[in-house]
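> Shown below is the structure under consideration.
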Amino acid sequence: GVLKQMLAEGREILFISNIDNLGATVDLNIAKHMMEAGGPNFVMELTDKTIADIKGGTLINYEGHKKLLEVAQVPKQHIEEFKSVRKFRVFNTNNLWVNLLELDSVLESSGDALQPDLIVNRKTMSNSQPVIQLETAAGAMIQYFDQAQGINVPRTRFLPVKTTSDLFVVQSNLYDLEPDGSFRMSSKRQFATAPHVKLGEYFKKVAMYNERLGNIPDIVDLEHLTVSGDVTFGRNITLRGTVIIVANPGEHIIIPDGAVLENKVVSGNLNIVEH
């Protein structure tokens, strides 16, 4: 199979990441760490949890083995405990490093019959039809590697773009694109983490998002942005602190070119008040 082919080609380390994670570049320091004598044979990159990541899977010790714990596996009575940033301070970025020789050995010893935990996700489709999604997590393989490690990495190695809110942040001046393709947070930013951005339904599709933004605002000093309703941004806008913009049904808000909003609430009648 593919594994045997990679080994025949002399490949020893495999790096796996989600396709939507723009921060998942090859870090040679981790590869070198795995190649050292006594180095780990499986690495899971973890990063500090924020309010936006409270449902992210985390690494635990279970019966002498490291194990990935996903929110869907947590009993309802312990969900709030699982979400606690104080108890579980890091979460899985799904950037994974695997020693291929060890993987081959693990597969052979198991008779190619590894059985990672089955995750049951209960979801509702757009037509309100309830469905059950069954899946397994790549990170769950960590439990089969005795020399596995979790490594706490900078937040810049986890930049997923799943929504237009995520796209808004990575397209802004908050990040600089380095020659090696990695993103680095602007040195002008005073905070260690990215702002929490929540764009509403009018920005949900990329075409709608592009139509409503003259260009991406300056958000180097932004902490939180919520946009709800029919809102359009002009060009060269600056957002700082906490900004909340709410257009009531039937109303349209236009943020004019060159506007500077700092700790403001913008309501449907364009009244601007201190927040």
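Going through the structure tokens in order, the chains are called A, B, and so on, while each chain numbers its residues from 1 and the ligands are numbered from 1 in the order shown.
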What parts of segment 149-234 of chain A does DSSP call helix (DSSP H, G or I)? I'd like the answer as a list in words.
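Going through segment 149-234 of chain A, the helix (DSSP H, G or I) residues come out as Arg155, Thr156, Arg157, Thr164, Ser165, Asp166, Leu167, Phe168, Val169, Val170, Glu201, Tyr202, Phe203, Val206, Ala207, Met208, Tyr209, Asn210, Glu211 and Arg212 of chain A.
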> Do you know which residues are at most 10 Å from Asp166 of chain A counting only C-alpha atoms, after dropping those on the same chain fewer than 5 positions away, and could you put them as a list in words?
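The neighbour list is Leu159, Pro160, Val161, Gln171, His196, Val197, Lys198 and Leu199 of chain A.
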> Env of segment 230-243 of chain A: 12 Å cut, atoms = only C-alpha atoms, seq-sep filter 6 positions within chain, self excluded. Answer as number ranges by chain.
A: 172-174, 189-191, 194-204, 208-224, 249-270, 272-275
> Store the residues picked out above, limited to C-alpha atoms, as a compact mmCIF listing (two decimals), in the first residue's frame.

```txt
# COMPACT_ATOMS: atom_id res chain seq x y z
CA SER A 172 -6.54 41.45 7.40
CA ASN A 173 -3.40 43.30 8.44
CA LEU A 174 -3.35 41.24 11.63
CA ARG A 189 -0.53 43.93 17.80
CA GLN A 190 -0.49 44.39 21.57
CA PHE A 191 -2.42 41.18 22.32
CA ALA A 194 -6.38 37.02 17.52
CA PRO A 195 -9.67 38.90 17.97
CA HIS A 196 -12.97 37.06 18.19
CA VAL A 197 -14.92 37.85 15.01
CA LYS A 198 -18.51 36.84 14.33
CA LEU A 199 -20.03 37.95 11.04
CA GLY A 200 -23.75 37.38 10.55
CA GLU A 201 -25.84 35.54 7.97
CA TYR A 202 -25.46 38.33 5.40
CA PHE A 203 -21.74 37.47 5.21
CA LYS A 204 -22.12 33.69 5.23
CA MET A 208 -21.93 37.99 -0.14
CA TYR A 209 -18.85 38.62 1.99
CA ASN A 210 -16.96 40.17 -0.94
CA GLU A 211 -19.90 42.38 -1.89
CA ARG A 212 -20.20 43.83 1.61
CA LEU A 213 -16.55 44.73 2.19
CA GLY A 214 -14.92 47.64 0.37
CA ASN A 215 -11.69 46.20 1.69
CA ILE A 216 -10.66 44.45 4.90
CA PRO A 217 -10.61 46.89 7.84
CA ASP A 218 -7.56 47.55 9.99
CA ILE A 219 -8.04 45.20 12.97
CA VAL A 220 -4.61 45.22 14.62
CA ASP A 221 -6.15 46.67 17.79
CA LEU A 222 -9.47 44.81 17.61
CA GLU A 223 -10.52 42.49 20.46
CA HIS A 224 -14.07 41.53 19.47
CA PRO A 249 -34.79 43.73 10.19
CA GLY A 250 -35.62 46.03 7.30
CA GLU A 251 -32.72 48.39 8.09
CA HIS A 252 -29.38 48.79 6.33
CA ILE A 253 -26.21 50.11 7.93
CA ILE A 254 -23.36 51.48 5.82
CA ILE A 255 -20.05 52.02 7.62
CA PRO A 256 -18.55 54.91 5.62
CA ASP A 257 -15.07 55.09 4.11
CA GLY A 258 -12.37 56.01 6.60
CA ALA A 259 -14.53 55.39 9.69
CA VAL A 260 -12.76 54.63 12.98
CA LEU A 261 -14.85 52.58 15.43
CA GLU A 262 -13.35 52.02 18.87
CA ASN A 263 -15.41 50.37 21.61
CA LYS A 264 -18.64 51.27 19.83
CA VAL A 265 -22.11 49.84 19.40
CA VAL A 266 -23.68 50.79 16.08
CA SER A 267 -27.43 50.31 16.02
CA GLY A 268 -29.98 50.23 13.21
CA ASN A 269 -30.49 53.99 13.18
CA LEU A 270 -26.71 54.59 13.01
CA ILE A 272 -23.02 55.39 17.85
CA VAL A 273 -22.58 55.02 21.60
CA GLU A 274 -19.70 54.18 23.90
CA HIS A 275 -19.43 50.48 24.74
```
> List every residue of segment 45-95 of chain A that has an atom at most 9 Å from any atom of segment 17-34 of chain A, and for each one report the closest atom pair and its distance in Å to one decimal, counting only C-alpha atoms, with rows sorted by chain and then by increasing residue number, as CSV.

```
residue,atom,partner,partner_atom,distance
A:Thr93,CA,A:Ser17,CA,8.2
A:Asn94,CA,A:Ser17,CA,5.8
A:Asn95,CA,A:Ser17,CA,4.6
```
> Just N, CA, C and O atoms for this one: save the residues we selected as a short mmCIF file (atom, residue, chain, number, x, y, z; two decimals), in the first residue's frame.

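Result file again-v4.cif:
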```cif
data_model
loop_
_atom_site.label_atom_id
_atom_site.label_comp_id
_atom_site.auth_asym_id
_atom_site.auth_seq_id
_atom_site.Cartn_x
_atom_site.Cartn_y
_atom_site.Cartn_z
N THR A 93 -4.74 20.67 17.65
CA THR A 93 -4.80 21.42 16.39
C THR A 93 -5.02 20.50 15.19
O THR A 93 -5.27 20.95 14.09
N ASN A 94 -4.86 19.21 15.41
CA ASN A 94 -4.87 18.17 14.37
C ASN A 94 -3.69 18.29 13.41
O ASN A 94 -3.74 17.81 12.28
N ASN A 95 -2.62 18.92 13.89
CA ASN A 95 -1.32 18.82 13.22
C ASN A 95 -0.62 17.62 13.85
O ASN A 95 -0.30 17.63 15.04
#
```
> Which residues come within 10 Å of Gln115 of chain A, counting only C-alpha atoms, excluding same-chain residues fewer than 5 positions away, as an MDAnalysis selection string?
chainID A and resid 110 136 140:141 144
> With all heavy atoms retained, export the selected residues as a tab-separated table (two decimals), in the first residue's frame.

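Written out: again13.tsv:
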```tsv
chain	number	residue	atom	x	y	z
A	110	SER	N	-0.84	-5.41	15.13
A	110	SER	CA	-2.28	-5.47	15.34
A	110	SER	C	-2.99	-6.28	14.27
A	110	SER	O	-4.22	-6.46	14.33
A	110	SER	CB	-2.87	-4.06	15.34
A	110	SER	OG	-2.79	-3.48	14.04
A	136	THR	N	-14.20	8.65	12.88
A	136	THR	CA	-13.04	8.40	13.73
A	136	THR	C	-12.06	9.55	13.50
A	136	THR	O	-12.06	10.18	12.45
A	136	THR	CB	-12.34	7.06	13.37
A	136	THR	OG1	-12.00	7.06	11.98
A	136	THR	CG2	-13.25	5.88	13.67
A	140	ALA	N	-6.76	10.08	17.15
A	140	ALA	CA	-7.03	8.97	18.07
A	140	ALA	C	-5.97	7.87	17.97
A	140	ALA	O	-5.83	7.05	18.88
A	140	ALA	CB	-8.42	8.39	17.81
A	141	MET	N	-5.20	7.88	16.88
A	141	MET	CA	-4.14	6.88	16.71
A	141	MET	C	-3.02	7.03	17.74
A	141	MET	O	-2.22	6.12	17.93
A	141	MET	CB	-3.56	6.99	15.30
A	141	MET	CG	-4.52	6.59	14.19
A	141	MET	SD	-4.88	4.83	14.21
A	141	MET	CE	-3.28	4.18	13.71
A	144	TYR	N	-1.95	4.26	20.31
A	144	TYR	CA	-1.22	3.05	19.94
A	144	TYR	C	0.30	3.25	19.94
A	144	TYR	O	1.04	2.31	19.64
A	144	TYR	CB	-1.66	2.58	18.56
A	144	TYR	CG	-3.13	2.18	18.51
A	144	TYR	CD1	-4.06	3.01	17.89
A	144	TYR	CD2	-3.58	1.01	19.10
A	144	TYR	CE1	-5.41	2.66	17.86
A	144	TYR	CE2	-4.92	0.65	19.07
A	144	TYR	CZ	-5.83	1.48	18.45
A	144	TYR	OH	-7.16	1.14	18.42
```
> For each of A:Ala247, A:Leu14, A:Val71, A:Ala113, take the minimum atom-to-atom distance to Asn41 of chain A, counting only C-alpha atoms, then give the residue where this is smallest.
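Going through A:Ala247, A:Leu14, A:Val71, A:Ala113 one by one, the smallest distance to Asn41 of chain A is for A:Leu14.
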> So which residues touch Leu7 of chain A within 10 Å, counting only C-alpha atoms, skipping near sequence neighbours fewer than 6 positions away, as a list in words?
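Contacts, in chain order: Ile13, Leu100, Leu101 and Asp104 of chain A.
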> DSSP on the backbone: what in segment 86-149 of chain A comes out strand (DSSP E), as a PyMOL selection string?
chain A and resi 90-99+119-124+130-135+148-149
> What does the distance from atom CA of Pro154 of chain A to atom CA of Thr47 of chain A come to in Å, to one decimal?
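The value is 6.2 Å.
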> Taking only C-alpha atoms into account, which of A:Lys49, A:Ala72, A:Arg86, A:Gly229 comes nearest Asn121 of chain A?
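Between A:Lys49, A:Ala72, A:Arg86, A:Gly229, the residue approaching Asn121 of chain A most closely is A:Ala72.
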> Which residue gives the smallest distance to Gly56 of chain A among A:Met35, A:Ile79, A:Val153, A:Leu167, with only C-alpha atoms counted?
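Among the listed residues, A:Ile79 lies closest to Gly56 of chain A.
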> For Leu46 of chain A, work out the shell of residues within 6 Å, counting only C-alpha atoms and skipping chain neighbours fewer than 4 positions away, then give it as a PDB file with C-alpha atoms, in the first residue's frame.

```pdb
ATOM      1  CA  VAL A  90      -4.867  23.187  25.490  1.00  0.00           C
ATOM      2  CA  PHE A  91      -6.615  21.510  22.564  1.00  0.00           C
ATOM      3  CA  ASN A  92      -5.674  19.426  19.534  1.00  0.00           C
ATOM      4  CA  THR A  93      -4.801  21.419  16.388  1.00  0.00           C
ATOM      5  CA  ILE A 151       3.700  19.558  22.087  1.00  0.00           C
ATOM      6  CA  ASN A 152       2.310  22.986  22.970  1.00  0.00           C
ATOM      7  CA  VAL A 153       2.861  25.157  19.887  1.00  0.00           C
TER       8      VAL A 153
END
```
